[in-house]
>>> print(open('upload10.cif').read())   # mmCIF, C-alpha atoms and all ligand atoms; chains and numbers go by the auth columns
data_upload
loop_
_atom_site.group_PDB
_atom_site.id
_atom_site.type_symbol
_atom_site.label_atom_id
_atom_site.label_comp_id
_atom_site.label_asym_id
_atom_site.label_seq_id
_atom_site.Cartn_x
_atom_site.Cartn_y
_atom_site.Cartn_z
_atom_site.B_iso_or_equiv
_atom_site.auth_seq_id
_atom_site.auth_asym_id
ATOM 1 C CA MET A 1 50.124 -27.027 20.135 0.00 1 A
ATOM 2 C CA ASP A 2 52.651 -27.240 23.015 0.00 2 A
ATOM 3 C CA LYS A 3 51.342 -29.432 25.848 0.00 3 A
ATOM 4 C CA SER A 4 52.372 -30.334 29.401 0.00 4 A
ATOM 5 C CA ASN A 5 51.532 -33.424 31.475 0.00 5 A
ATOM 6 C CA CYS A 6 48.517 -32.936 33.774 0.00 6 A
ATOM 7 C CA ASN A 7 47.373 -34.704 36.895 0.00 7 A
ATOM 8 C CA LYS A 8 45.251 -37.758 35.876 0.00 8 A
ATOM 9 C CA SER A 9 42.210 -36.307 37.631 0.00 9 A
ATOM 10 C CA ALA A 10 42.314 -33.384 35.176 0.00 10 A
ATOM 11 C CA PHE A 11 40.156 -35.533 32.860 0.00 11 A
ATOM 12 C CA VAL A 12 37.060 -34.288 34.716 0.00 12 A
ATOM 13 C CA GLY A 13 37.664 -30.660 33.796 0.00 13 A
ATOM 14 C CA LEU A 14 39.145 -31.498 30.390 0.00 14 A
ATOM 15 C CA SER A 15 35.966 -33.341 29.355 0.00 15 A
ATOM 16 C CA GLY A 16 33.851 -30.282 30.171 0.00 16 A
ATOM 17 C CA PRO A 17 32.314 -27.828 30.389 0.00 17 A
ATOM 18 C CA HIS A 18 29.430 -30.066 31.431 0.00 18 A
ATOM 19 C CA HIS A 19 25.774 -29.228 30.952 0.00 19 A
ATOM 20 C CA THR A 20 24.442 -28.906 34.483 0.00 20 A
ATOM 21 C CA LEU A 21 20.922 -30.131 35.232 0.00 21 A
ATOM 22 C CA ALA A 22 18.740 -30.498 38.310 0.00 22 A
ATOM 23 C CA VAL A 23 17.615 -33.963 39.403 0.00 23 A
ATOM 24 C CA SER A 24 14.434 -33.932 41.483 0.00 24 A
ATOM 25 C CA VAL A 25 12.909 -36.622 43.705 0.00 25 A
ATOM 26 C CA ARG A 26 10.043 -37.115 46.168 0.00 26 A
ATOM 27 C CA ASP A 27 10.744 -38.873 49.457 0.00 27 A
ATOM 28 C CA PRO A 28 7.932 -41.430 49.995 0.00 28 A
ATOM 29 C CA GLN A 29 8.459 -41.343 53.795 0.00 29 A
ATOM 30 C CA ASP A 30 7.027 -37.846 54.210 0.00 30 A
ATOM 31 C CA ASN A 31 6.379 -36.611 50.642 0.00 31 A
ATOM 32 C CA THR A 32 9.207 -34.067 50.894 0.00 32 A
ATOM 33 C CA ASP A 33 10.593 -32.928 47.545 0.00 33 A
ATOM 34 C CA TYR A 34 14.340 -32.630 46.939 0.00 34 A
ATOM 35 C CA ALA A 35 16.646 -31.674 44.076 0.00 35 A
ATOM 36 C CA MET A 36 20.384 -31.471 43.446 0.00 36 A
ATOM 37 C CA ALA A 37 22.658 -30.099 40.688 0.00 37 A
ATOM 38 C CA VAL A 38 24.082 -32.850 38.447 0.00 38 A
ATOM 39 C CA GLU A 39 26.609 -32.414 35.654 0.00 39 A
ATOM 40 C CA TRP A 40 27.759 -36.025 35.196 0.00 40 A
ATOM 41 C CA THR A 41 24.980 -37.169 32.881 0.00 41 A
ATOM 42 C CA THR A 42 24.602 -38.758 29.462 0.00 42 A
ATOM 43 C CA PRO A 43 21.991 -40.065 27.021 0.00 43 A
ATOM 44 C CA LEU A 44 22.566 -43.847 26.714 0.00 44 A
ATOM 45 C CA SER A 45 20.012 -45.114 24.180 0.00 45 A
ATOM 46 C CA VAL A 46 17.123 -43.788 22.082 0.00 46 A
ATOM 47 C CA ASP A 47 15.087 -47.003 21.825 0.00 47 A
ATOM 48 C CA PRO A 48 14.606 -47.842 24.639 0.00 48 A
ATOM 49 C CA PRO A 49 14.956 -44.234 25.826 0.00 49 A
ATOM 50 C CA LEU A 50 17.708 -44.356 28.472 0.00 50 A
ATOM 51 C CA PHE A 51 19.498 -41.560 30.320 0.00 51 A
ATOM 52 C CA GLY A 52 22.326 -41.929 32.849 0.00 52 A
ATOM 53 C CA ILE A 53 23.073 -39.822 35.906 0.00 53 A
ATOM 54 C CA VAL A 54 26.077 -40.283 38.193 0.00 54 A
ATOM 55 C CA ILE A 55 25.328 -39.535 41.833 0.00 55 A
ATOM 56 C CA SER A 56 27.616 -39.612 44.856 0.00 56 A
ATOM 57 C CA GLN A 57 26.417 -42.216 47.346 0.00 57 A
ATOM 58 C CA ASP A 58 26.393 -39.794 50.294 0.00 58 A
ATOM 59 C CA LYS A 59 23.724 -37.507 48.779 0.00 59 A
ATOM 60 C CA LYS A 60 20.150 -37.297 50.047 0.00 60 A
ATOM 61 C CA THR A 61 18.965 -37.573 46.435 0.00 61 A
ATOM 62 C CA HIS A 62 20.852 -40.894 46.126 0.00 62 A
ATOM 63 C CA GLU A 63 19.059 -42.220 49.208 0.00 63 A
ATOM 64 C CA VAL A 64 15.623 -41.360 47.768 0.00 64 A
ATOM 65 C CA ILE A 65 16.344 -42.725 44.271 0.00 65 A
ATOM 66 C CA LYS A 66 17.471 -46.015 45.853 0.00 66 A
ATOM 67 C CA GLU A 67 14.129 -46.164 47.665 0.00 67 A
ATOM 68 C CA THR A 68 11.671 -45.148 44.919 0.00 68 A
ATOM 69 C CA GLY A 69 13.585 -45.974 41.735 0.00 69 A
ATOM 70 C CA ILE A 70 12.220 -42.713 40.286 0.00 70 A
ATOM 71 C CA PHE A 71 13.836 -39.362 39.403 0.00 71 A
ATOM 72 C CA ALA A 72 13.228 -36.431 37.071 0.00 72 A
ATOM 73 C CA VAL A 73 15.815 -34.467 35.107 0.00 73 A
ATOM 74 C CA ASN A 74 15.180 -30.725 34.789 0.00 74 A
ATOM 75 C CA ILE A 75 16.845 -28.344 32.349 0.00 75 A
ATOM 76 C CA LEU A 76 17.029 -24.901 33.920 0.00 76 A
ATOM 77 C CA PRO A 77 17.809 -21.767 31.864 0.00 77 A
ATOM 78 C CA VAL A 78 20.905 -19.686 32.662 0.00 78 A
ATOM 79 C CA GLU A 79 18.691 -17.115 34.400 0.00 79 A
ATOM 80 C CA ARG A 80 18.365 -19.794 37.115 0.00 80 A
ATOM 81 C CA LEU A 81 22.124 -20.215 37.673 0.00 81 A
ATOM 82 C CA LYS A 82 21.845 -18.962 41.263 0.00 82 A
ATOM 83 C CA GLU A 83 19.207 -21.591 41.980 0.00 83 A
ATOM 84 C CA ILE A 84 21.309 -24.374 40.397 0.00 84 A
ATOM 85 C CA TRP A 85 24.241 -23.213 42.527 0.00 85 A
ATOM 86 C CA GLY A 86 22.020 -23.444 45.611 0.00 86 A
ATOM 87 C CA LEU A 87 20.974 -26.991 44.678 0.00 87 A
ATOM 88 C CA GLY A 88 24.632 -27.922 44.228 0.00 88 A
ATOM 89 C CA THR A 89 26.021 -26.410 47.417 0.00 89 A
ATOM 90 C CA ARG A 90 23.382 -27.218 50.066 0.00 90 A
ATOM 91 C CA THR A 91 22.393 -30.718 51.084 0.00 91 A
ATOM 92 C CA ALA A 92 18.855 -31.694 51.953 0.00 92 A
ATOM 93 C CA LYS A 93 20.400 -33.733 54.768 0.00 93 A
ATOM 94 C CA ARG A 94 20.787 -30.441 56.634 0.00 94 A
ATOM 95 C CA GLN A 95 18.059 -28.360 54.980 0.00 95 A
ATOM 96 C CA GLU A 96 14.751 -30.117 54.434 0.00 96 A
ATOM 97 C CA ASP A 97 13.088 -27.335 52.438 0.00 97 A
ATOM 98 C CA LYS A 98 16.113 -26.825 50.149 0.00 98 A
ATOM 99 C CA LEU A 99 14.026 -26.546 46.951 0.00 99 A
ATOM 100 C CA SER A 100 11.840 -23.690 48.153 0.00 100 A
ATOM 101 C CA ARG A 101 14.788 -22.044 49.979 0.00 101 A
ATOM 102 C CA VAL A 102 16.612 -21.682 46.659 0.00 102 A
ATOM 103 C CA GLY A 103 13.421 -20.323 45.081 0.00 103 A
ATOM 104 C CA LEU A 104 12.209 -23.287 43.019 0.00 104 A
ATOM 105 C CA THR A 105 8.815 -24.982 42.953 0.00 105 A
ATOM 106 C CA ALA A 106 8.111 -28.711 42.833 0.00 106 A
ATOM 107 C CA VAL A 107 5.264 -29.913 40.623 0.00 107 A
ATOM 108 C CA GLU A 108 3.706 -33.385 40.443 0.00 108 A
ATOM 109 C CA GLY A 109 5.061 -35.552 37.660 0.00 109 A
ATOM 110 C CA THR A 110 2.826 -37.210 35.094 0.00 110 A
ATOM 111 C CA ALA A 111 4.216 -40.725 34.778 0.00 111 A
ATOM 112 C CA ASN A 112 4.544 -41.976 38.327 0.00 112 A
ATOM 113 C CA ARG A 113 3.214 -41.033 41.770 0.00 113 A
ATOM 114 C CA HIS A 114 6.758 -40.599 43.117 0.00 114 A
ATOM 115 C CA ALA A 115 7.847 -38.334 40.234 0.00 115 A
ATOM 116 C CA ILE A 116 8.160 -34.594 40.718 0.00 116 A
ATOM 117 C CA SER A 117 9.671 -32.009 38.437 0.00 117 A
ATOM 118 C CA ILE A 118 10.563 -28.318 38.716 0.00 118 A
ATOM 119 C CA GLU A 119 8.080 -25.668 37.575 0.00 119 A
ATOM 120 C CA GLU A 120 10.803 -23.163 36.553 0.00 120 A
ATOM 121 C CA ALA A 121 12.573 -25.703 34.284 0.00 121 A
ATOM 122 C CA ALA A 122 12.494 -25.155 30.506 0.00 122 A
ATOM 123 C CA ALA A 123 12.088 -28.912 30.104 0.00 123 A
ATOM 124 C CA SER A 124 11.894 -31.988 32.295 0.00 124 A
ATOM 125 C CA PHE A 125 11.808 -35.721 31.839 0.00 125 A
ATOM 126 C CA GLU A 126 10.800 -38.402 34.309 0.00 126 A
ATOM 127 C CA CYS A 127 12.760 -41.643 34.603 0.00 127 A
ATOM 128 C CA ARG A 128 12.438 -45.044 36.237 0.00 128 A
ATOM 129 C CA VAL A 129 15.698 -46.741 37.270 0.00 129 A
ATOM 130 C CA LYS A 130 16.326 -49.679 34.963 0.00 130 A
ATOM 131 C CA ASP A 131 19.848 -50.474 36.048 0.00 131 A
ATOM 132 C CA GLU A 132 22.571 -49.183 38.338 0.00 132 A
ATOM 133 C CA ILE A 133 26.333 -49.572 38.491 0.00 133 A
ATOM 134 C CA GLN A 134 28.459 -48.740 41.546 0.00 134 A
ATOM 135 C CA MET A 135 31.738 -46.981 40.744 0.00 135 A
ATOM 136 C CA GLY A 136 33.900 -45.929 43.677 0.00 136 A
ATOM 137 C CA GLY A 137 31.731 -43.664 45.798 0.00 137 A
ATOM 138 C CA PHE A 138 29.323 -43.012 42.926 0.00 138 A
ATOM 139 C CA THR A 139 26.354 -44.787 41.356 0.00 139 A
ATOM 140 C CA LEU A 140 25.454 -44.598 37.682 0.00 140 A
ATOM 141 C CA PHE A 141 21.652 -44.752 37.625 0.00 141 A
ATOM 142 C CA VAL A 142 20.349 -45.781 34.214 0.00 142 A
ATOM 143 C CA GLY A 143 16.895 -44.248 33.902 0.00 143 A
ATOM 144 C CA GLU A 144 14.249 -45.257 31.388 0.00 144 A
ATOM 145 C CA VAL A 145 12.481 -42.088 30.275 0.00 145 A
ATOM 146 C CA LEU A 146 8.748 -42.394 31.033 0.00 146 A
ATOM 147 C CA ALA A 147 7.582 -38.909 29.989 0.00 147 A
ATOM 148 C CA ALA A 148 9.092 -35.634 28.779 0.00 148 A
ATOM 149 C CA GLN A 149 7.823 -32.046 28.685 0.00 149 A
ATOM 150 C CA ALA A 150 9.308 -28.855 27.237 0.00 150 A
ATOM 151 C CA ALA A 151 8.251 -25.206 27.100 0.00 151 A
ATOM 152 C CA ASP A 152 6.979 -24.188 23.633 0.00 152 A
ATOM 153 C CA VAL A 153 9.078 -21.036 23.564 0.00 153 A
ATOM 154 C CA VAL A 154 12.384 -22.928 23.821 0.00 154 A
ATOM 155 C CA TYR A 155 11.609 -26.310 22.233 0.00 155 A
ATOM 156 C CA ASP A 156 10.166 -26.935 18.780 0.00 156 A
ATOM 157 C CA THR A 157 8.259 -30.223 19.174 0.00 157 A
ATOM 158 C CA ARG A 158 7.694 -30.578 15.399 0.00 158 A
ATOM 159 C CA GLU A 159 11.437 -30.421 14.687 0.00 159 A
ATOM 160 C CA ASP A 160 12.310 -32.150 17.981 0.00 160 A
ATOM 161 C CA MET A 161 14.903 -29.479 18.626 0.00 161 A
ATOM 162 C CA TRP A 162 15.743 -26.707 21.048 0.00 162 A
ATOM 163 C CA VAL A 163 15.309 -23.160 19.756 0.00 163 A
ATOM 164 C CA PRO A 164 18.853 -22.166 20.775 0.00 164 A
ATOM 165 C CA GLU A 165 18.238 -18.445 20.355 0.00 165 A
ATOM 166 C CA ASN A 166 15.589 -18.668 23.065 0.00 166 A
ATOM 167 C CA ILE A 167 17.497 -20.499 25.783 0.00 167 A
ATOM 168 C CA GLY A 168 20.861 -20.220 27.487 0.00 168 A
ATOM 169 C CA PHE A 169 22.016 -23.525 28.994 0.00 169 A
ATOM 170 C CA ILE A 170 24.167 -23.791 32.107 0.00 170 A
ATOM 171 C CA PHE A 171 27.603 -25.386 31.569 0.00 171 A
ATOM 172 C CA HIS A 172 29.937 -25.917 34.525 0.00 172 A
ATOM 173 C CA VAL A 173 33.654 -25.289 33.905 0.00 173 A
ATOM 174 C CA ALA A 174 35.176 -25.602 37.428 0.00 174 A
ATOM 175 C CA SER A 175 34.527 -24.375 40.993 0.00 175 A
ATOM 176 C CA ASP A 176 32.097 -21.453 40.565 0.00 176 A
ATOM 177 C CA VAL A 177 32.871 -20.778 36.883 0.00 177 A
ATOM 178 C CA PHE A 178 30.078 -21.414 34.371 0.00 178 A
ATOM 179 C CA VAL A 179 29.553 -20.644 30.695 0.00 179 A
ATOM 180 C CA THR A 180 26.466 -20.591 28.542 0.00 180 A
ATOM 181 C CA ASN A 181 25.799 -21.190 24.832 0.00 181 A
ATOM 182 C CA GLN A 182 26.178 -18.266 22.462 0.00 182 A
ATOM 183 C CA LYS A 183 23.168 -16.590 20.947 0.00 183 A
ATOM 184 C CA SER A 184 24.482 -17.149 17.422 0.00 184 A
ATOM 185 C CA ILE A 185 25.250 -20.794 16.725 0.00 185 A
ATOM 186 C CA VAL A 186 27.968 -21.918 14.321 0.00 186 A
ATOM 187 C CA GLN A 187 26.518 -24.283 11.720 0.00 187 A
ATOM 188 C CA PRO A 188 29.432 -26.190 10.130 0.00 188 A
ATOM 189 C CA ARG A 189 27.466 -27.445 7.099 0.00 189 A
ATOM 190 C CA LYS A 190 26.160 -24.028 6.033 0.00 190 A
HETATM 191 C C1 LIG B . 27.710 -27.358 39.194 0.00 201 A
HETATM 192 C C2 LIG B . 27.582 -28.565 40.081 0.00 201 A
HETATM 193 C C3 LIG B . 27.495 -29.831 39.514 0.00 201 A
HETATM 194 C C4 LIG B . 27.374 -30.977 40.318 0.00 201 A
HETATM 195 N N1 LIG B . 27.303 -32.227 39.741 0.00 201 A
HETATM 196 C C5 LIG B . 27.202 -33.329 40.523 0.00 201 A
HETATM 197 C C6 LIG B . 27.120 -34.642 39.930 0.00 201 A
HETATM 198 O O1 LIG B . 27.141 -34.816 38.714 0.00 201 A
HETATM 199 N N2 LIG B . 27.004 -35.714 40.783 0.00 201 A
HETATM 200 C C7 LIG B . 26.995 -35.572 42.157 0.00 201 A
HETATM 201 O O2 LIG B . 26.896 -36.591 42.867 0.00 201 A
HETATM 202 N N3 LIG B . 27.070 -34.339 42.736 0.00 201 A
HETATM 203 C C8 LIG B . 27.146 -33.239 41.960 0.00 201 A
HETATM 204 N N4 LIG B . 27.194 -31.984 42.530 0.00 201 A
HETATM 205 C C9 LIG B . 27.105 -31.861 43.991 0.00 201 A
HETATM 206 C C10 LIG B . 25.653 -31.959 44.524 0.00 201 A
HETATM 207 O O3 LIG B . 24.744 -31.222 43.730 0.00 201 A
HETATM 208 C C11 LIG B . 25.623 -31.437 45.978 0.00 201 A
HETATM 209 O O4 LIG B . 26.494 -32.195 46.777 0.00 201 A
HETATM 210 C C12 LIG B . 24.227 -31.375 46.577 0.00 201 A
HETATM 211 O O5 LIG B . 24.311 -30.594 47.747 0.00 201 A
HETATM 212 C C13 LIG B . 23.641 -32.734 46.938 0.00 201 A
HETATM 213 O O6 LIG B . 22.373 -32.533 47.466 0.00 201 A
HETATM 214 P P1 LIG B . 21.565 -33.600 48.327 0.00 201 A
HETATM 215 O O7 LIG B . 22.483 -34.139 49.422 0.00 201 A
HETATM 216 O O8 LIG B . 20.435 -32.765 48.870 0.00 201 A
HETATM 217 O O9 LIG B . 21.093 -34.684 47.422 0.00 201 A
HETATM 218 C C14 LIG B . 27.326 -30.837 41.736 0.00 201 A
HETATM 219 C C15 LIG B . 27.414 -29.558 42.319 0.00 201 A
HETATM 220 C C16 LIG B . 27.535 -28.431 41.491 0.00 201 A
HETATM 221 C C17 LIG B . 27.641 -27.072 42.123 0.00 201 A
#
>>> encode(input="upload10.cif", output="structure tokens")
Amino acid sequence: MDKSNCNKSAFVGLSGPHHTLAVSVRDPQDNTDYAMAVEWTTPLSVDPPLFGIVISQDKKTHEVIKETGIFAVNILPVERLKEIWGLGTRTAKRQEDKLSRVGLTAVEGTANRHAISIEEAAASFECRVKDEIQMGGFTLFVGEVLAAQAADVVYDTREDMWVPENIGFIFHVASDVFVTNQKSIVQPRK
């Protein structure tokens, strides 16, 4: 393939599209629930179960995670793209009731009194911060997974696997361009 040199910062887009999730938190000051769109995420370990999220230090969600050490990760189906966009383009610093304004519902978590997840999510998992690393204006929060829940229709708990025909995930390409997984999945070993 013919190639040209790119700007170094192109690595962000080149490593995508990134699966975009919603991270939800409860502010202990006044029990207000917040959430933001997050695409810089990664599983880090199975045993112990660790998941990493990278959050800009100027976000409201960052402030609350620093205070409680608790967050939940929510996987929203592609039908909720508008809501994810709302979570990613409005800050709770200016709009306290951001979650309900975008049309999502907070529900109490199961593992910790500060944990909240999103009712409309196909799956959620609650995490406690085990470690954090500052990088430029961002923090990598390493969360230990305390509990996980998934909707039966999209997740086969016996096989421990998504039912890909039943869910479209939200992948961010750039600016307001997103893609989703195809209905028919290529299986290289078959
Ligand atoms: C598709 C998409 C993905 C995003 N991914 C991240 C991310 O990985 N980390 C981050 O800090 N901000 C990310 N953002 C930006 C935040 O979601 C956005 O600034 C949000 O308004 C922060 O909300 P808060 O201030 O209420 O916490 C993303 C935005 C969009 C639209």
>>> resolve_selection(input="upload10.cif", expression="the PyMOL selection byres (((chain A and resi 116) around 12) and not hetatm)", output="number ranges by chain")
A: 22-28, 31-35, 68, 70-74, 99, 105-115, 117-119, 121, 124-127, 147
>>> residues_near_ligand(input="upload10.cif", ligand="ligand LIG 201 (chain A)", cutoff="9 Å", atoms="all atoms listed in the file", output="ChimeraX atom specification")
/A:18-24,34-41,53-64,84-96,98,138-139,170-178
>>> closest_residue(input="upload10.cif", among="A:Gln134, A:Val102, A:Lys8, A:Asp97", to="Arg80 (chain A)", atoms="only C-alpha atoms")
A:Val102
>>> closest_residue(input="upload10.cif", among="A:Asp156, A:Gly136, A:Pro77, A:Gln187", to="Gly168 (chain A)", atoms="all atoms listed in the file")
A:Pro77
>>> closest_residue(input="upload10.cif", among="A:Pro17, A:Ala123, A:Asn5, A:Met161", to="Val179 (chain A)", atoms="all atoms listed in the file")
A:Pro17
>>> closest_residue(input="upload10.cif", among="A:Glu144, A:Asp131, A:Glu83, A:Glu120", to="Leu50 (chain A)", atoms="all atoms listed in the file")
A:Glu144
>>> atom_distance(input="upload10.cif", atom1="CA of Val154 (chain A)", atom2="CA of Asp47 (chain A)")
24.3 Å
>>> residues_around(input="upload10.cif", residues="Val163 (chain A)", least_positions_apart="6", cutoff="12 Å", atoms="all atoms listed in the file", output="compact mmCIF listing (two decimals) with C-alpha atoms, keeping the file's coordinate frame")
# COMPACT_ATOMS: atom_id res chain seq x y z
CA ALA A 122 12.49 -25.16 30.51
CA ALA A 150 9.31 -28.86 27.24
CA ALA A 151 8.25 -25.21 27.10
CA ASP A 152 6.98 -24.19 23.63
CA VAL A 153 9.08 -21.04 23.56
CA VAL A 154 12.38 -22.93 23.82
CA TYR A 155 11.61 -26.31 22.23
CA ASP A 156 10.17 -26.94 18.78
CA THR A 157 8.26 -30.22 19.17
CA PHE A 169 22.02 -23.52 28.99
CA ASN A 181 25.80 -21.19 24.83
CA LYS A 183 23.17 -16.59 20.95
CA SER A 184 24.48 -17.15 17.42
CA ILE A 185 25.25 -20.79 16.73
>>> atom_distance(input="upload10.cif", atom1="CA of Pro43 (chain A)", atom2="CA of Lys190 (chain A)")
26.7 Å
>>> atom_distance(input="upload10.cif", atom1="CA of Met135 (chain A)", atom2="CA of Gly69 (chain A)")
18.2 Å
>>> axis_aligned_box(input="upload10.cif", around="region 122-131 of chain A", padding_each_side="4 Å", output="AutoDock Vina command-line options")
--center_x 15.3 --center_y -37.8 --center_z 33.7 --size_x 17.0 --size_y 33.3 --size_z 15.2
